[in-house]
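upload05.txt (compact mmCIF, C-alpha atoms)
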# COMPACT_ATOMS: atom_id res chain seq x y z
CA GLY A 93 100.09 109.00 99.11
CA GLN A 94 100.86 105.32 98.79
CA PRO A 95 102.29 103.24 101.67
CA ALA A 96 106.10 102.99 101.80
CA ALA A 97 106.45 105.25 98.73
CA LEU A 98 109.65 107.29 98.61
CA GLU A 99 111.26 110.21 96.84
CA VAL A 100 115.04 110.53 96.62
CA VAL A 101 117.03 113.71 96.02
CA CYS A 102 120.78 113.38 95.38
CA GLY A 103 122.58 116.71 95.58
CA ARG A 104 120.73 119.08 93.26
CA ASP A 105 118.91 116.31 91.38
CA ARG A 106 115.62 114.70 92.29
CA LEU A 107 115.95 111.14 90.99
CA PHE A 108 113.03 109.11 92.40
CA THR A 109 109.61 110.70 92.65
CA SER A 110 105.94 109.86 92.06
CA ALA A 111 103.72 110.32 89.03
CA GLY A 112 102.83 113.74 90.43
CA TRP A 113 99.04 113.57 90.09
CA THR A 114 96.94 116.66 90.93
CA PRO A 115 93.15 117.28 90.87
CA ARG A 116 93.75 119.23 87.66
CA ALA A 117 94.38 115.88 85.92
CA LEU A 118 91.10 114.10 86.67
CA ASP A 119 91.41 112.03 83.48
CA ARG A 120 94.67 110.51 84.76
CA GLN A 121 93.44 109.09 88.07
CA ALA A 122 95.39 105.84 87.57
CA LEU A 123 98.58 107.79 88.25
CA ARG A 124 97.43 108.25 91.86
CA LEU A 125 97.47 104.51 92.49
CA THR A 126 100.24 102.24 93.74
CA PRO A 127 101.90 101.64 90.31
CA GLY A 128 102.32 105.41 89.97
CA ALA A 129 104.46 105.64 93.11
CA SER A 130 108.01 104.56 93.91
CA THR A 131 107.01 101.51 95.90
CA LEU A 132 106.12 97.82 95.53
CA THR A 133 102.92 96.35 94.12
CA LEU A 134 101.66 92.77 94.25
CA GLY A 135 99.67 91.25 91.41
CA GLU A 136 99.59 94.66 89.69
CA GLN A 137 96.73 95.52 92.02
CA PRO A 138 96.42 99.04 93.45
CA LEU A 139 95.80 99.74 97.11
CA GLY A 140 92.61 101.78 96.96
CA GLU A 141 90.70 103.26 94.05
CA PRO A 142 89.39 106.72 93.15
CA LEU A 143 86.01 107.66 94.55
CA SER A 144 83.41 107.96 91.77
CA GLY A 145 79.85 109.08 91.17
CA TRP A 146 77.95 111.47 93.40
CA LYS A 147 80.26 110.73 96.33
CA SER A 148 83.19 112.06 94.33
CA GLU A 149 81.22 115.18 93.42
CA LEU A 150 80.37 115.71 97.09
CA LEU A 151 83.67 114.79 98.76
CA GLY A 152 86.17 115.55 96.00
CA PRO A 153 88.91 113.39 94.43
CA ARG A 154 89.58 110.93 97.22
CA LEU A 155 90.94 107.40 97.25
CA VAL A 156 88.91 104.72 99.02
CA GLY A 157 89.94 101.30 100.25
CA PRO A 158 90.52 99.26 103.39
CA ALA A 159 92.29 100.96 106.27
CA LEU A 160 96.04 100.33 106.36
CA HIS A 161 98.20 99.83 109.42
CA VAL A 162 101.64 101.36 108.91
CA THR A 163 104.54 101.19 111.36
CA ARG A 164 107.75 103.21 111.22
CA GLN A 165 111.11 103.07 112.99
CA HIS A 166 113.92 105.59 112.60
CA GLN A 167 117.44 105.81 113.99
CA ASP A 168 120.33 108.23 113.50
CA GLY A 169 123.88 107.05 114.08
CA ASP A 170 127.43 108.16 113.45
CA GLY A 171 127.34 109.05 109.76
CA ALA A 172 124.30 106.89 109.08
CA VAL A 173 120.50 107.04 109.01
CA TRP A 174 118.28 103.95 109.25
CA LEU A 175 114.55 103.88 108.47
CA GLU A 176 112.12 100.96 108.46
CA VAL A 177 108.51 101.16 107.25
CA GLU A 178 106.03 98.28 107.19
CA HIS A 179 102.38 98.07 106.11
CA ASP A 180 99.66 95.44 105.85
CA GLY A 181 98.02 96.59 102.62
CA TRP A 182 98.66 93.26 100.86
CA MET A 183 97.32 91.10 103.70
CA PRO A 184 93.70 90.79 102.45
CA GLY A 185 94.67 89.55 99.00
CA TYR A 186 97.96 87.75 99.58
CA GLY A 187 98.55 87.35 103.30
CA LEU A 188 101.85 89.24 103.08
CA MET A 189 103.33 92.24 104.86
CA HIS A 190 105.61 94.65 102.99
CA GLN A 191 108.62 95.93 104.90
CA ARG A 192 110.97 98.54 103.42
CA ARG A 193 114.33 99.08 105.10
CA LEU A 194 116.49 102.05 104.10
CA TYR A 195 120.06 102.73 105.23
CA ILE A 196 121.91 105.91 104.29
CA ASP A 197 125.69 105.70 104.57
CA GLN A 198 126.72 109.35 104.67
CA ARG A 199 130.42 108.48 104.49
CA LEU A 200 130.04 106.63 101.17
CA ASP A 201 127.14 108.83 99.98
CA GLU A 202 125.19 105.61 99.42
CA LEU A 203 121.60 104.49 99.96
CA ARG A 204 121.08 100.77 100.58
CA ALA A 205 117.66 99.18 100.84
CA GLU A 206 115.85 95.91 101.33
CA GLU A 207 112.26 95.12 100.36
CA ARG A 208 110.82 92.23 102.36
CA LEU A 209 107.52 90.45 101.74
CA HIS A 210 106.64 88.05 104.52
CA PRO A 211 103.71 86.34 106.24
CA PRO A 212 103.01 87.87 109.67
CA GLU A 213 104.31 86.02 112.68
CA GLY A 214 101.81 84.07 114.75
CA ARG A 215 99.03 84.06 112.17
CA PRO A 216 96.27 81.60 113.11
CA GLU A 217 96.19 79.73 109.82
CA ALA A 218 98.44 79.31 106.81
CA THR A 219 97.66 81.19 103.62
CA ARG A 220 97.12 79.09 100.52
CA ALA A 221 100.53 78.87 98.86
CA ILE A 222 100.53 80.69 95.54
CA ALA A 223 103.09 82.65 93.54
CA ALA A 224 102.23 86.36 93.42
CA PRO A 225 104.01 88.55 90.85
CA TYR A 226 105.52 91.71 92.28
CA ALA A 227 106.75 94.91 90.66
CA LEU A 228 109.09 97.26 92.49
CA ARG A 229 108.89 100.64 90.76
CA PHE A 230 111.03 103.75 90.93
CA GLN A 231 109.43 106.67 89.11
CA LEU A 232 112.14 108.92 87.67
CA GLU A 233 111.86 112.68 87.64
CA PRO A 234 111.31 113.99 84.09
CA GLY A 235 114.68 114.82 82.58
CA VAL A 236 116.58 112.09 84.44
CA GLN A 237 118.45 109.90 81.95
CA ALA A 238 118.68 106.14 82.53
CA SER A 239 120.94 103.57 80.83
CA LEU A 240 120.91 99.82 81.51
CA ALA A 241 124.38 98.30 81.96
CA ARG A 242 125.45 95.07 80.27
CA ASP A 243 125.05 93.12 83.51
CA ARG A 244 121.27 93.78 83.18
CA ARG A 245 121.07 94.54 86.91
CA SER A 246 122.60 98.02 87.05
CA ILE A 247 121.25 101.30 85.71
CA LEU A 248 123.20 104.53 85.33
CA LEU A 249 121.11 107.57 86.28
CA ARG A 250 122.06 111.11 85.39
CA GLY A 251 120.09 114.19 86.43
CA PRO A 252 120.19 117.76 85.11
CA SER A 253 123.36 118.55 87.08
CA GLY A 254 125.24 115.88 85.09
CA ARG A 255 126.26 113.86 88.14
CA GLY A 256 125.87 110.10 87.71
CA TRP A 257 124.43 107.54 90.11
CA TRP A 258 124.31 103.75 89.86
CA PHE A 259 121.12 101.92 90.75
CA ARG A 260 121.73 98.21 91.39
CA SER A 261 119.35 95.43 92.38
CA ASP A 262 119.52 91.68 92.94
CA GLY A 263 115.94 91.28 91.69
CA PRO A 264 115.31 88.70 88.94
CA ASP A 265 114.37 91.20 86.21
CA VAL A 266 115.48 94.85 86.07
CA ALA A 267 114.15 97.08 83.29
CA ILE A 268 113.69 100.70 82.20
CA GLU A 269 110.16 101.44 81.00
CA PRO A 270 108.33 104.55 79.74
CA ALA A 271 106.14 106.46 82.17
CA VAL A 272 104.35 109.78 82.47
CA HIS A 273 104.53 112.52 85.08
CA ILE A 274 101.96 115.22 85.87
CA ASP A 275 103.60 118.61 86.41
CA GLU A 276 101.17 121.41 87.35
CA GLY A 277 98.40 119.68 85.43
CA LEU A 278 100.51 119.04 82.32
CA THR A 279 101.56 115.54 81.25
CA ARG A 280 105.29 115.02 80.67
CA ARG A 281 107.11 111.94 79.44
CA SER A 282 109.39 110.22 81.92
CA LEU A 283 110.94 106.85 82.72
CA GLN A 284 110.61 104.30 85.47
CA ILE A 285 112.83 101.54 86.80
CA VAL A 286 110.86 98.33 87.32
CA VAL A 287 112.20 95.29 89.19
CA ARG A 288 109.95 92.29 88.65
CA GLY A 289 109.80 88.88 90.25
CA SER A 290 107.54 86.42 92.03
CA ALA A 291 106.82 86.06 95.75
CA ARG A 292 105.39 82.99 97.47
CA THR A 293 102.55 83.77 99.83
CA ASP A 294 103.73 81.18 102.37
CA ALA A 295 107.37 82.29 102.59
CA GLU A 296 109.65 85.29 102.82
CA THR A 297 110.90 87.14 99.73
CA LYS A 298 113.68 89.73 99.81
CA VAL A 299 114.83 92.14 97.12
CA ARG A 300 117.86 94.34 97.73
CA TRP A 301 118.82 97.51 95.88
CA LYS A 302 121.19 100.41 96.33
CA LEU A 303 122.01 103.83 94.93
CA SER A 304 125.65 104.92 94.85
CA PRO A 305 127.77 107.59 93.11
CA ALA A 306 129.11 106.75 89.66
CA GLY A 307 132.84 106.87 89.10
CA ALA A 308 133.73 104.84 92.18
CA SER A 309 135.62 101.57 92.03
CA GLY A 310 133.49 98.61 91.13
CA ASP A 311 131.33 100.42 88.58
CA PRO A 312 129.51 97.93 86.31
CA HIS A 313 130.17 97.91 82.58

Spell out the structure here as structure tokens.
Amino acid sequence: GQPAALEVVCGRDRLFTSAGWTPRALDRQALRLTPGASTLTLGEQPLGEPLSGWKSELLGPRLVGPALHVTRQHQDGDGAVWLEVEHDGWMPGYGLMHQRRLYIDQRLDELRAEERLHPPEGRPEATRAIAAPYALRFQLEPGVQASLARDRRSILLRGPSGRGWWFRSDGPDVAIEPAVHIDEGLTRRSLQIVVRGSARTDAETKVRWKLSPAGASGDPH
């Protein structure tokens, strides 16, 4: 799996998933990489790459790359669940840590999240300041319908059960794009939500998003 990737099930509907790669789809190895997961990528670069050549024949379909350090914190409260995951996969190329904070409000049936890219504290030297493009992806389960609202920041999701959910983000650019999903070796068409923007390598960047039931007050139009 990819660091900080998530899958989200709302009621009977799986909304966010991954590209679903299996060894039966060896010609679709790119779906195993970071852009094929529901997580954040920097510079459209994957973390790791498929093993190739005789090593792949000997060891099987593995991903190779630098070792990642991942930390996790979890708390349960009164009607709430809080989870924080952080990894250093983008440190070699960009000098940035990726922190994903998730908060489930069970009373409102709402998931709120914050993606934070930041230089590590106490680093010995400053990273050269550049702007790194990021893409925050949410791979949708095949069959999930997605419609972009007129505010261009909200997306109505509807799974097979017919229940609607609003995805909202304060990211600069929110879009629905085509994607593919591997299901038991077969390729199926699907969609993905992509939030794009730019992060400075010498400063903190935050992107917030949430998932809430449709039909509540404050629905976008």

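Neighbours of Leu200 (chain A) closer than or equal to 10 Å, with only C-alpha atoms counted and sequence neighbours fewer than 5 positions away skipped, come out as Gly171, Ala172, Ser304, Pro305 and Ala308 of chain A.
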
Using only C-alpha atoms, which of the listed residues (A:Arg280, A:His179, A:Arg245, A:Arg300) sits closest to Glu207 (chain A)?
A:Arg300

To one decimal place, how far is CA of Gly289 (chain A) from CA of Pro211 (chain A) in Å?
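Computed distance, CA of Gly289 (chain A) to CA of Pro211 (chain A), equals 17.3 Å.
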
Of the residues A:Asp294, A:Asp168, A:Glu233, A:Asp197, which is the one nearest to Asp275 (chain A), using only C-alpha atoms?
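Closest candidate: A:Glu233.
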
Counting only C-alpha atoms, the residue among A:Leu194, A:Leu303, A:Leu232, A:Ala267 that lies closest to Gly251 (chain A) is A:Leu232

As an exercise, work out the distance from CA of Val286 (chain A) to CA of Phe230 (chain A) in Å and give it to one decimal place.
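We find that CA of Val286 (chain A) and CA of Phe230 (chain A) lie 6.5 Å from each other.
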
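CA of Pro264 (chain A) is found 8.9 Å from CA of Val299 (chain A).
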
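Shortest atom-to-atom contact with Ser253 (chain A) among A:Gln237, A:Val287, A:Trp301, A:Ala129: A:Gln237, counting all atoms listed in the file.
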
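Counting all atoms listed in the file and comparing A:Asp262, A:Ala224, A:Trp257, A:Arg292, the residue that lies closest to Val101 (chain A) is A:Trp257.
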
For Ala227 (chain A), which of A:Thr297, A:Ser290, A:Gln94, A:Ser239 is the closest residue, counting only C-alpha atoms?
A:Ser290

Step by step: start from the point (103.2, 94.7, 108.7) in the file's coordinates, keep every protein, DNA or RNA residue that has an atom no farther than 10 Å from it, count all atoms listed in the file, and write the set as a count of residues only.
21

Near-Leu175 (chain A) list (12 Å; all atoms listed in the file; drop same-chain fewer than 4 positions) as a PyMOL selection string
chain A and resi 96+98+163-169+191-197+203-206

If I wrap all listed atoms of region 246-250 of chain A in a box with edges along x, y and z and add 4 Å on each side, what are its centre and edge lengths in Å to one decimal, as AutoDock Vina command-line options?
--center_x 122.2 --center_y 104.6 --center_z 86.2 --size_x 10.1 --size_y 21.1 --size_z 9.7

Quick one: residues within 6 Å of Phe259 (chain A), only C-alpha atoms, excluding same-chain residues fewer than 5 positions away - as an mmCIF file with C-alpha atoms, in the coordinates of the input?
data_model
loop_
_atom_site.group_PDB
_atom_site.id
_atom_site.type_symbol
_atom_site.label_atom_id
_atom_site.label_comp_id
_atom_site.auth_asym_id
_atom_site.auth_seq_id
_atom_site.Cartn_x
_atom_site.Cartn_y
_atom_site.Cartn_z
ATOM 1 C CA SER A 246 122.600 98.020 87.050
ATOM 2 C CA ILE A 247 121.250 101.300 85.710
ATOM 3 C CA LYS A 302 121.190 100.410 96.330
ATOM 4 C CA LEU A 303 122.010 103.830 94.930
#
